[in-house]
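Chemist: This one is query_23.csv, CSV, C-alpha atoms.
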```csv
chain,number,residue,atom,x,y,z
A,252,MET,CA,95.5,47.8,59.1
A,253,ASP,CA,97.7,45.7,56.8
A,254,GLU,CA,98.7,43.5,59.7
A,255,MET,CA,95.1,43.1,60.8
A,256,GLU,CA,94.0,42.2,57.2
A,257,SER,CA,96.7,39.7,56.8
A,258,GLY,CA,95.4,37.8,59.9
A,259,VAL,CA,98.1,38.7,62.5
A,260,VAL,CA,96.4,38.6,65.9
A,261,LYS,CA,97.8,41.0,68.4
A,262,LYS,CA,97.1,41.2,72.1
A,263,PHE,CA,95.3,44.4,72.9
A,264,MET,CA,94.5,45.7,76.3
A,265,PHE,CA,92.2,48.6,77.1
A,266,ILE,CA,92.8,49.7,80.7
A,267,ASN,CA,90.1,51.8,82.3
A,268,ARG,CA,91.0,53.8,85.4
A,269,LYS,CA,88.5,56.7,85.4
A,270,PRO,CA,85.0,56.8,86.8
A,271,PRO,CA,82.1,56.6,84.3
A,272,HIS,CA,80.2,59.9,84.2
A,273,GLY,CA,82.5,62.8,85.2
A,274,THR,CA,84.5,62.6,81.9
A,275,VAL,CA,83.8,61.1,78.5
A,276,TYR,CA,86.8,58.7,78.7
A,277,ALA,CA,84.9,55.6,79.9
A,278,LEU,CA,82.2,55.8,77.1
A,279,GLU,CA,84.9,56.6,74.5
A,280,VAL,CA,86.9,53.5,75.5
A,281,LEU,CA,83.8,51.3,75.5
A,282,GLU,CA,83.0,52.4,71.9
A,283,MET,CA,86.6,51.7,70.9
A,284,VAL,CA,86.3,48.2,72.4
A,285,LEU,CA,83.1,47.5,70.5
A,286,ILE,CA,84.7,48.6,67.3
A,287,SER,CA,87.9,46.6,68.0
A,288,ALA,CA,85.7,43.5,68.1
A,289,ALA,CA,85.2,43.8,64.3
A,290,PHE,CA,89.0,43.2,63.8
A,291,ASP,CA,89.2,39.8,65.4
A,292,GLN,CA,92.0,40.7,67.7
A,293,ASP,CA,92.8,39.3,71.2
A,294,VAL,CA,91.1,42.0,73.2
A,295,HIS,CA,91.5,42.3,77.0
A,296,LEU,CA,89.7,44.8,79.1
A,297,ALA,CA,90.9,45.8,82.5
A,298,PHE,CA,89.3,47.9,85.2
A,299,ILE,CA,91.7,49.4,87.8
A,300,ASP,CA,91.7,52.4,90.2
A,301,ASP,CA,88.5,54.4,89.7
A,302,GLY,CA,87.8,52.4,86.5
A,303,VAL,CA,86.0,49.8,88.7
A,304,TYR,CA,83.2,52.3,89.1
A,305,GLN,CA,82.4,51.9,85.4
A,306,ILE,CA,80.9,48.4,86.0
A,307,LYS,CA,79.2,49.1,89.3
A,308,LYS,CA,75.6,48.0,89.5
A,309,GLY,CA,72.7,50.4,89.9
A,310,GLN,CA,73.9,53.4,87.8
A,311,ALA,CA,71.1,55.7,86.7
A,312,PRO,CA,72.6,58.9,85.3
A,313,ALA,CA,69.5,60.2,83.5
A,314,GLU,CA,69.0,63.1,85.9
A,315,ILE,CA,72.5,64.4,85.3
A,316,GLY,CA,71.9,64.3,81.6
A,317,CYS,CA,74.2,61.4,80.8
A,318,LYS,CA,73.5,58.3,78.8
A,319,ASN,CA,73.4,55.1,81.0
A,320,PHE,CA,75.9,53.0,79.1
A,321,SER,CA,76.6,50.6,81.9
A,322,PRO,CA,74.2,47.9,80.5
A,323,THR,CA,76.4,47.9,77.4
A,324,TYR,CA,79.2,46.2,79.2
A,325,ARG,CA,76.9,43.2,79.4
A,326,ALA,CA,76.7,43.1,75.6
A,327,LEU,CA,80.5,42.6,75.3
A,328,ASP,CA,80.0,38.8,75.6
A,329,GLY,CA,77.9,38.8,72.4
A,330,TYR,CA,80.8,40.7,70.7
A,331,ASP,CA,83.1,37.8,71.8
A,332,ILE,CA,84.9,40.1,74.2
A,333,GLU,CA,85.2,37.8,77.2
A,334,LYS,CA,88.5,38.8,78.8
A,335,LEU,CA,87.4,41.2,81.5
A,336,TYR,CA,89.7,41.8,84.5
A,337,VAL,CA,89.2,43.8,87.7
A,338,GLU,CA,91.9,44.7,90.1
A,339,ALA,CA,91.3,43.3,93.6
A,340,GLU,CA,93.0,46.2,95.3
A,341,GLY,CA,90.9,48.7,93.3
A,342,LEU,CA,87.7,47.0,94.5
A,343,ALA,CA,88.9,46.7,98.1
A,344,GLU,CA,90.1,50.3,98.4
A,345,ARG,CA,86.6,51.4,97.3
A,346,GLY,CA,84.7,49.1,99.6
A,347,LEU,CA,83.4,47.0,96.7
A,348,THR,CA,83.2,43.3,96.1
A,349,GLU,CA,82.6,41.2,92.9
A,350,ASP,CA,78.9,41.2,93.9
A,351,ASP,CA,78.7,44.9,93.2
A,352,LEU,CA,79.7,44.5,89.6
A,353,LEU,CA,77.2,44.2,86.8
A,354,VAL,CA,79.2,41.9,84.5
A,355,PRO,CA,81.2,38.7,85.1
A,356,VAL,CA,84.9,39.4,85.5
A,357,GLU,CA,88.1,37.8,86.6
A,358,VAL,CA,89.5,39.4,89.7
A,359,LEU,CA,93.3,39.7,89.7
A,360,SER,CA,95.8,41.2,92.1
A,361,ARG,CA,97.7,44.2,91.1
A,362,ALA,CA,100.8,42.0,90.7
A,363,GLU,CA,99.0,39.5,88.4
A,364,LEU,CA,97.5,42.3,86.3
A,365,GLY,CA,100.9,44.0,86.0
A,366,LYS,CA,102.3,40.8,84.7
A,367,LEU,CA,99.4,40.4,82.2
A,368,MET,CA,99.9,44.0,81.0
A,369,GLY,CA,103.5,43.1,80.2
A,370,GLU,CA,102.4,40.4,77.8
A,371,MET,CA,100.3,42.8,75.6
A,372,ASP,CA,101.3,44.1,72.2
A,373,VAL,CA,99.2,47.2,72.4
A,374,ILE,CA,97.9,49.0,75.5
A,375,LEU,CA,95.5,51.9,75.7
A,376,THR,CA,95.0,53.4,79.1
A,377,ALA,CA,92.4,56.0,79.9
B,95,MET,CA,65.4,66.4,59.2
B,96,ALA,CA,62.1,65.5,60.8
B,97,TYR,CA,59.2,63.0,60.3
B,98,THR,CA,55.5,63.7,61.0
B,99,SER,CA,53.7,61.0,62.7
B,100,LYS,CA,50.3,61.1,64.5
B,101,GLY,CA,50.3,64.9,64.1
B,102,ALA,CA,53.6,65.3,65.9
B,103,SER,CA,57.0,66.4,64.4
B,104,ILE,CA,59.7,63.8,65.2
B,105,GLU,CA,63.3,64.9,65.0
B,106,ALA,CA,65.8,62.8,63.1
B,107,ASP,CA,69.4,63.3,62.1
B,108,GLU,CA,70.4,64.0,58.5
B,109,GLU,CA,70.4,60.3,57.6
B,110,GLY,CA,67.0,59.7,59.1
B,111,TYR,CA,67.9,58.1,62.5
B,112,LEU,CA,65.6,59.3,65.3
B,113,ILE,CA,67.2,61.7,67.8
B,114,ASN,CA,65.0,60.4,70.6
B,115,ILE,CA,64.2,56.7,70.6
B,116,ASN,CA,61.2,57.3,72.9
B,117,GLU,CA,59.3,59.2,70.2
B,118,TRP,CA,59.1,56.0,68.0
B,119,ASN,CA,55.8,54.4,67.2
B,120,GLU,CA,54.7,51.6,64.8
B,121,GLU,CA,53.1,54.0,62.4
B,122,LEU,CA,56.4,55.9,62.1
B,123,ALA,CA,58.2,52.6,61.6
B,124,ASP,CA,56.0,51.9,58.6
B,125,GLN,CA,56.7,55.3,57.3
B,126,ILE,CA,60.5,55.1,57.6
B,127,ALA,CA,60.4,51.6,56.0
B,128,LYS,CA,58.4,53.0,53.1
B,129,ASP,CA,61.1,55.7,52.6
B,130,GLU,CA,63.6,52.9,52.5
B,131,GLY,CA,61.5,51.0,49.9
B,132,ILE,CA,60.5,48.3,52.3
B,133,THR,CA,56.9,47.1,53.0
B,134,MET,CA,56.8,45.8,56.6
B,135,SER,CA,55.9,42.1,56.9
B,136,THR,CA,55.7,39.9,59.9
B,137,GLU,CA,59.3,38.9,59.3
B,138,HIS,CA,60.4,42.5,59.2
B,139,TRP,CA,58.6,43.2,62.4
B,140,GLU,CA,60.2,40.3,64.0
B,141,VAL,CA,63.7,41.7,63.4
B,142,VAL,CA,62.7,45.3,64.3
B,143,ASN,CA,61.1,44.2,67.6
B,144,PHE,CA,64.2,42.1,68.3
B,145,LEU,CA,66.4,45.2,67.8
B,146,ARG,CA,64.2,47.2,70.1
B,147,GLU,CA,64.5,44.6,72.8
B,148,TYR,CA,68.2,44.4,72.3
B,149,TYR,CA,68.5,48.1,72.7
B,150,ALA,CA,66.3,48.2,75.8
B,151,GLU,CA,68.6,45.6,77.4
B,152,TYR,CA,72.1,46.8,76.3
B,153,GLN,CA,71.6,50.5,75.3
B,154,ILE,CA,73.3,50.0,71.9
B,155,ALA,CA,72.4,49.0,68.4
B,156,PRO,CA,74.3,45.7,67.8
B,157,ALA,CA,76.8,45.3,65.0
B,158,VAL,CA,75.4,43.2,62.2
B,159,ARG,CA,77.6,40.2,63.1
B,160,VAL,CA,76.3,40.3,66.7
B,161,LEU,CA,72.7,40.8,65.5
B,162,THR,CA,73.0,37.8,63.2
B,163,LYS,CA,74.4,35.6,66.0
B,164,ALA,CA,71.8,36.8,68.5
B,165,ILE,CA,68.9,36.1,66.2
B,166,ALA,CA,70.3,32.7,65.3
B,167,LYS,CA,70.3,31.9,69.0
B,168,LYS,CA,66.7,33.1,69.6
B,169,MET,CA,65.0,32.2,66.3
B,170,GLY,CA,67.2,29.5,64.8
B,171,PRO,CA,69.9,29.4,62.2
B,172,ASP,CA,67.6,30.0,59.1
B,173,LYS,CA,66.7,33.4,60.4
B,174,GLY,CA,70.1,34.1,62.0
B,175,SER,CA,71.9,34.3,58.6
B,176,ASN,CA,73.2,37.2,56.6
B,177,LYS,CA,71.2,35.9,53.6
B,178,TYR,CA,67.9,36.0,55.4
B,179,LEU,CA,68.5,39.4,57.0
B,180,TYR,CA,69.8,41.1,53.8
B,181,GLU,CA,66.8,39.8,51.8
B,182,LEU,CA,64.6,41.6,54.3
B,183,PHE,CA,66.8,44.7,54.5
B,184,PRO,CA,68.8,44.9,51.3
B,185,TYR,CA,70.9,47.9,52.4
B,186,GLY,CA,71.9,46.2,55.5
B,187,PRO,CA,70.1,45.0,58.6
B,188,GLY,CA,72.2,47.3,60.8
B,189,LYS,CA,71.5,50.4,58.7
B,190,GLN,CA,67.9,49.9,57.6
B,191,ALA,CA,66.4,47.8,60.4
B,192,CYS,CA,67.9,50.1,63.1
B,193,LYS,CA,66.5,53.2,61.4
B,194,ILE,CA,63.1,51.6,61.2
B,195,ALA,CA,63.3,50.5,64.8
B,196,GLY,CA,64.1,54.1,65.9
B,197,LEU,CA,67.6,53.1,67.1
B,198,PRO,CA,70.8,55.1,66.5
B,199,LYS,CA,73.2,53.9,63.9
B,200,PRO,CA,75.2,50.9,65.1
B,201,THR,CA,78.5,51.8,66.7
B,202,GLY,CA,81.3,51.4,64.1
B,203,CYS,CA,78.8,51.4,61.2
B,204,VAL,CA,79.8,53.9,58.5
C,108,MET,CA,110.3,42.4,76.2
C,109,THR,CA,110.0,45.6,78.2
C,110,MET,CA,107.4,48.4,77.9
C,111,LEU,CA,107.7,52.2,77.9
C,112,HIS,CA,105.3,53.8,80.3
C,113,THR,CA,104.7,57.6,80.1
C,114,VAL,CA,103.1,59.5,83.0
C,115,ASN,CA,101.9,63.1,82.5
C,116,LYS,CA,100.2,64.2,85.7
C,117,SER,CA,101.6,65.6,88.9
C,118,PRO,CA,101.8,63.0,91.6
C,119,PHE,CA,100.5,65.5,94.1
C,120,GLU,CA,97.2,65.8,92.1
C,121,ARG,CA,96.6,62.4,90.6
C,122,ASN,CA,97.5,58.8,91.2
C,123,ASN,CA,98.7,58.0,87.6
C,124,LEU,CA,102.3,57.6,88.8
C,125,ASP,CA,101.4,55.4,91.7
C,126,SER,CA,99.3,53.2,89.5
C,127,CYS,CA,102.1,53.0,86.9
C,128,LEU,CA,104.7,52.1,89.5
C,129,GLY,CA,102.3,49.4,90.8
C,130,HIS,CA,101.9,47.7,87.5
C,131,ALA,CA,105.2,48.2,85.6
C,132,GLN,CA,107.4,45.2,85.4
C,133,PRO,CA,111.1,45.3,86.6
C,134,GLY,CA,113.3,46.6,83.8
C,135,ASP,CA,110.5,48.6,82.1
C,136,ALA,CA,111.2,52.2,81.2
C,137,ILE,CA,109.2,55.0,82.7
C,138,LEU,CA,109.3,58.5,81.3
C,139,LEU,CA,107.9,61.4,83.3
C,140,ILE,CA,106.5,64.1,81.0
C,141,GLU,CA,104.4,67.3,81.3
C,142,ASP,CA,103.2,67.9,84.9
C,143,ALA,CA,104.7,64.5,86.0
C,144,VAL,CA,108.2,66.0,85.9
C,145,TYR,CA,107.6,67.4,89.4
C,146,ALA,CA,107.8,63.8,90.6
C,147,ALA,CA,111.5,63.6,89.6
C,148,MET,CA,112.6,66.6,91.8
C,149,GLY,CA,114.6,66.1,94.9
C,150,GLY,CA,113.3,67.3,98.3
C,151,THR,CA,109.7,66.4,97.8
C,152,ASN,CA,107.8,64.1,100.2
C,153,ILE,CA,107.8,61.3,97.5
C,154,ALA,CA,111.6,61.6,96.6
C,155,GLY,CA,112.3,58.4,98.6
C,156,LYS,CA,109.7,56.4,96.7
C,157,ILE,CA,111.1,57.8,93.4
C,158,ALA,CA,114.7,56.8,94.3
C,159,ASP,CA,113.5,53.3,95.1
C,160,ALA,CA,111.6,53.1,91.8
C,161,ALA,CA,114.8,54.2,90.0
C,162,LYS,CA,116.4,50.9,91.2
C,163,THR,CA,113.7,48.7,89.7
C,164,PHE,CA,112.8,50.7,86.5
C,165,ARG,CA,114.7,52.8,84.0
C,166,LEU,CA,113.4,56.2,85.2
C,167,HIS,CA,113.6,59.1,82.8
C,168,VAL,CA,112.3,62.7,82.7
C,169,LEU,CA,111.7,64.9,79.6
C,170,GLY,CA,114.1,67.8,79.6
C,171,PRO,CA,112.0,70.4,77.8
C,172,ASP,CA,109.2,69.8,80.3
C,173,LEU,CA,111.6,70.4,83.2
C,174,LYS,CA,113.0,73.5,81.7
C,175,ALA,CA,109.5,74.9,81.0
C,176,ARG,CA,108.6,74.6,84.7
C,177,GLY,CA,111.8,76.1,86.0
C,178,CYS,CA,112.9,72.7,87.4
C,179,ASP,CA,116.7,72.3,87.7
C,180,PRO,CA,118.0,69.1,86.2
C,181,ALA,CA,120.8,69.3,88.8
C,182,ASN,CA,118.2,68.7,91.5
C,183,LEU,CA,116.7,65.4,90.3
C,184,VAL,CA,116.3,62.4,92.5
C,185,ALA,CA,119.3,60.1,92.1
C,186,GLY,CA,118.9,57.5,89.4
C,187,VAL,CA,116.6,59.6,87.2
C,188,THR,CA,118.0,60.6,83.8
C,189,VAL,CA,117.0,63.4,81.5
C,190,VAL,CA,116.1,62.7,77.9
C,191,ASP,CA,115.3,65.1,75.1
C,192,TYR,CA,112.6,64.6,72.4
C,193,GLY,CA,115.0,62.4,70.4
C,194,GLY,CA,115.5,60.3,73.5
C,195,PHE,CA,111.7,59.9,73.9
C,196,VAL,CA,111.5,58.6,70.3
C,197,GLU,CA,114.4,56.2,71.0
C,198,LEU,CA,112.7,54.9,74.1
C,199,ALA,CA,109.4,54.3,72.2
C,200,ALA,CA,111.4,52.4,69.5
C,201,GLN,CA,113.4,50.3,72.0
C,202,ASN,CA,110.4,48.9,73.9
C,203,LYS,CA,107.7,46.5,72.8
C,204,ALA,CA,104.8,48.8,73.5
C,205,VAL,CA,104.0,52.1,75.0
C,206,ASN,CA,101.5,52.5,77.8
C,207,ALA,CA,100.4,56.2,78.3
C,208,TRP,CA,99.1,56.6,81.8
C,209,LEU,CA,96.6,59.5,81.4
```
Let me see the structure of the file written as structure tokens.

Modeler:
Amino acid sequence: MDEMESGVVKKFMFINRKPPHGTVYALEVLEMVLISAAFDQDVHLAFIDDGVYQIKKGQAPAEIGCKNFSPTYRALDGYDIEKLYVEAEGLAERGLTEDDLLVPVEVLSRAELGKLMGEMDVILTA
Amino acid sequence: MAYTSKGASIEADEEGYLININEWNEELADQIAKDEGITMSTEHWEVVNFLREYYAEYQIAPAVRVLTKAIAKKMGPDKGSNKYLYELFPYGPGKQACKIAGLPKPTGCV
Amino acid sequence: MTMLHTVNKSPFERNNLDSCLGHAQPGDAILLIEDAVYAAMGGTNIAGKIADAAKTFRLHVLGPDLKARGCDPANLVAGVTVVDYGGFVELAAQNKAVNAWL
């Protein structure tokens, strides 16, 4: 907190690698990301492995009793969280393309994303 | 706690935020506003309706900073200012306007 | 500056370790804890991959988690070293950040 209050900006990366509705991880990370926006840090959000399913278009989980939080990813831009990355291999393995995603992202290779992760000060993977 | 509106009991949490956003109606909004010491004007409704549209699109109640920016974008800088919004909702546009709009408390709002 | 990665799931059940190995940078430290310690054992069908990884990364395994599971530290894949809880803390302190692969 002290560092944040004194204006030190750190590079944060939230790495999502789980699907959206089977566990609560995706929603919890999304809430953390929204809250992190209040601290004016350099926030990065990555979707790898099954995490790419979090931003797949067309989700409608009402019948399984889950909140549809997928539209909330589109609100991130308004929170000045604009650094969204998706792993190309994760998309390809699952037969998905950028057109299947509900929010604009930068698609990076696993190697590029690994390098970017190495530049972070704080990483939270879930 | 619960409100009574149009003969129906409408469930709310201990702070007065609706449990089910779909149970909201305009009469209930007037009632919640009155509890908050607010008499709804055209300007209040403009913000409340904006919040409901925002929620319908993004499924969250926006943080105040985000609300202010979004209102400035849609209705101009005079209305998209902390001063204007706090004059309408003295205890905070996030807290009061969201409650009146039937939305949950904004994420990260304590 | 290097990172410390922790992995805590069996590689035979989840892909945490694969994902970690695919993203970690050369020289990074990887510590296998909890059910991930099975990955460090010799004779498995991934032992070759782990031995290769030990050449690129500093590969460690948490001793108490091995012991708890009846895994013999003498039977680890070459290049993997055992650390205790104190070693875990040292690793966290030596590296720029910790990435916990859940």

Chemist: Taking (101.8, 41.5, 89.4) in the file's coordinates, which residues come within 12 Å, counting only C-alpha atoms, written as an MDAnalysis selection string?

Modeler: (chainID A and resid 338:340 359:370) or (chainID C and resid 126:133)

Chemist: Would you mind listing what lies within 12 Å of range 333-337 of chain A as a ChimeraX atom specification, with only C-alpha atoms counted and same-chain residues fewer than 3 positions away left out?

Modeler: /A:262-268,284-285,288,292-307,324-330,340-343,347-349,351-361,363-365,367-368

Chemist: Taking (77.8, 52.1, 66.7) in the coordinates of the supplied file, I want to know which residues reach to within 12 Å of it, counting all atoms listed in the file; could you give the answer as an NGL selection string?

Modeler: (:A and (278-279 or 281-289 or 323)) or (:B and (149 or 153-158 or 160 or 188-189 or 192 or 197-204))

Chemist: What does the distance from CA of Asn206 in chain C to CA of Val114 in chain C come to in Å, to one decimal?

Modeler: 8.9 Å

Chemist: Name all residues at most 12 Å from Val196 in chain C (count all atoms listed in the file; drop same-chain ones fewer than 5 positions away) and give them as a list in words.

Modeler: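 Counting only the stated atoms, we get Leu111, Thr113, Leu138, Leu169, Val190, Asp191, Gln201, Asn202 and Val205 of chain C.
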
Chemist: Would you work out the distance separating CA of Leu166 in chain C from CA of Phe195 in chain C, expressed in Å to one decimal?

Modeler: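 These two atoms are separated by 12.0 Å.
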
Chemist: Counting all atoms listed in the file, which residue out of B:Asn119, B:Asn143, B:Thr162, B:Asn176 sits closest to chain A?

Modeler: B:Thr162

Chemist: Skipping near chain neighbours, those fewer than 6 positions away, what residues fall within 10 Å of Arg165 in chain C using only C-alpha atoms, listed as an MDAnalysis selection string?

Modeler: chainID C and resid 111 133:138 186:188

Chemist: Just how far from CA of Glu314 in chain A is CA of Asn116 in chain B, in Å to one decimal?

Modeler: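 Interatomic distance here is 16.2 Å.
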
Chemist: Using all atoms listed in the file for the distances, tell me which of A:Pro322, A:Lys269, A:Lys261, A:Cys317 is nearest to Asn122 in chain C.

Modeler: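 Selected residue with least distance to Asn122 in chain C: A:Lys269.
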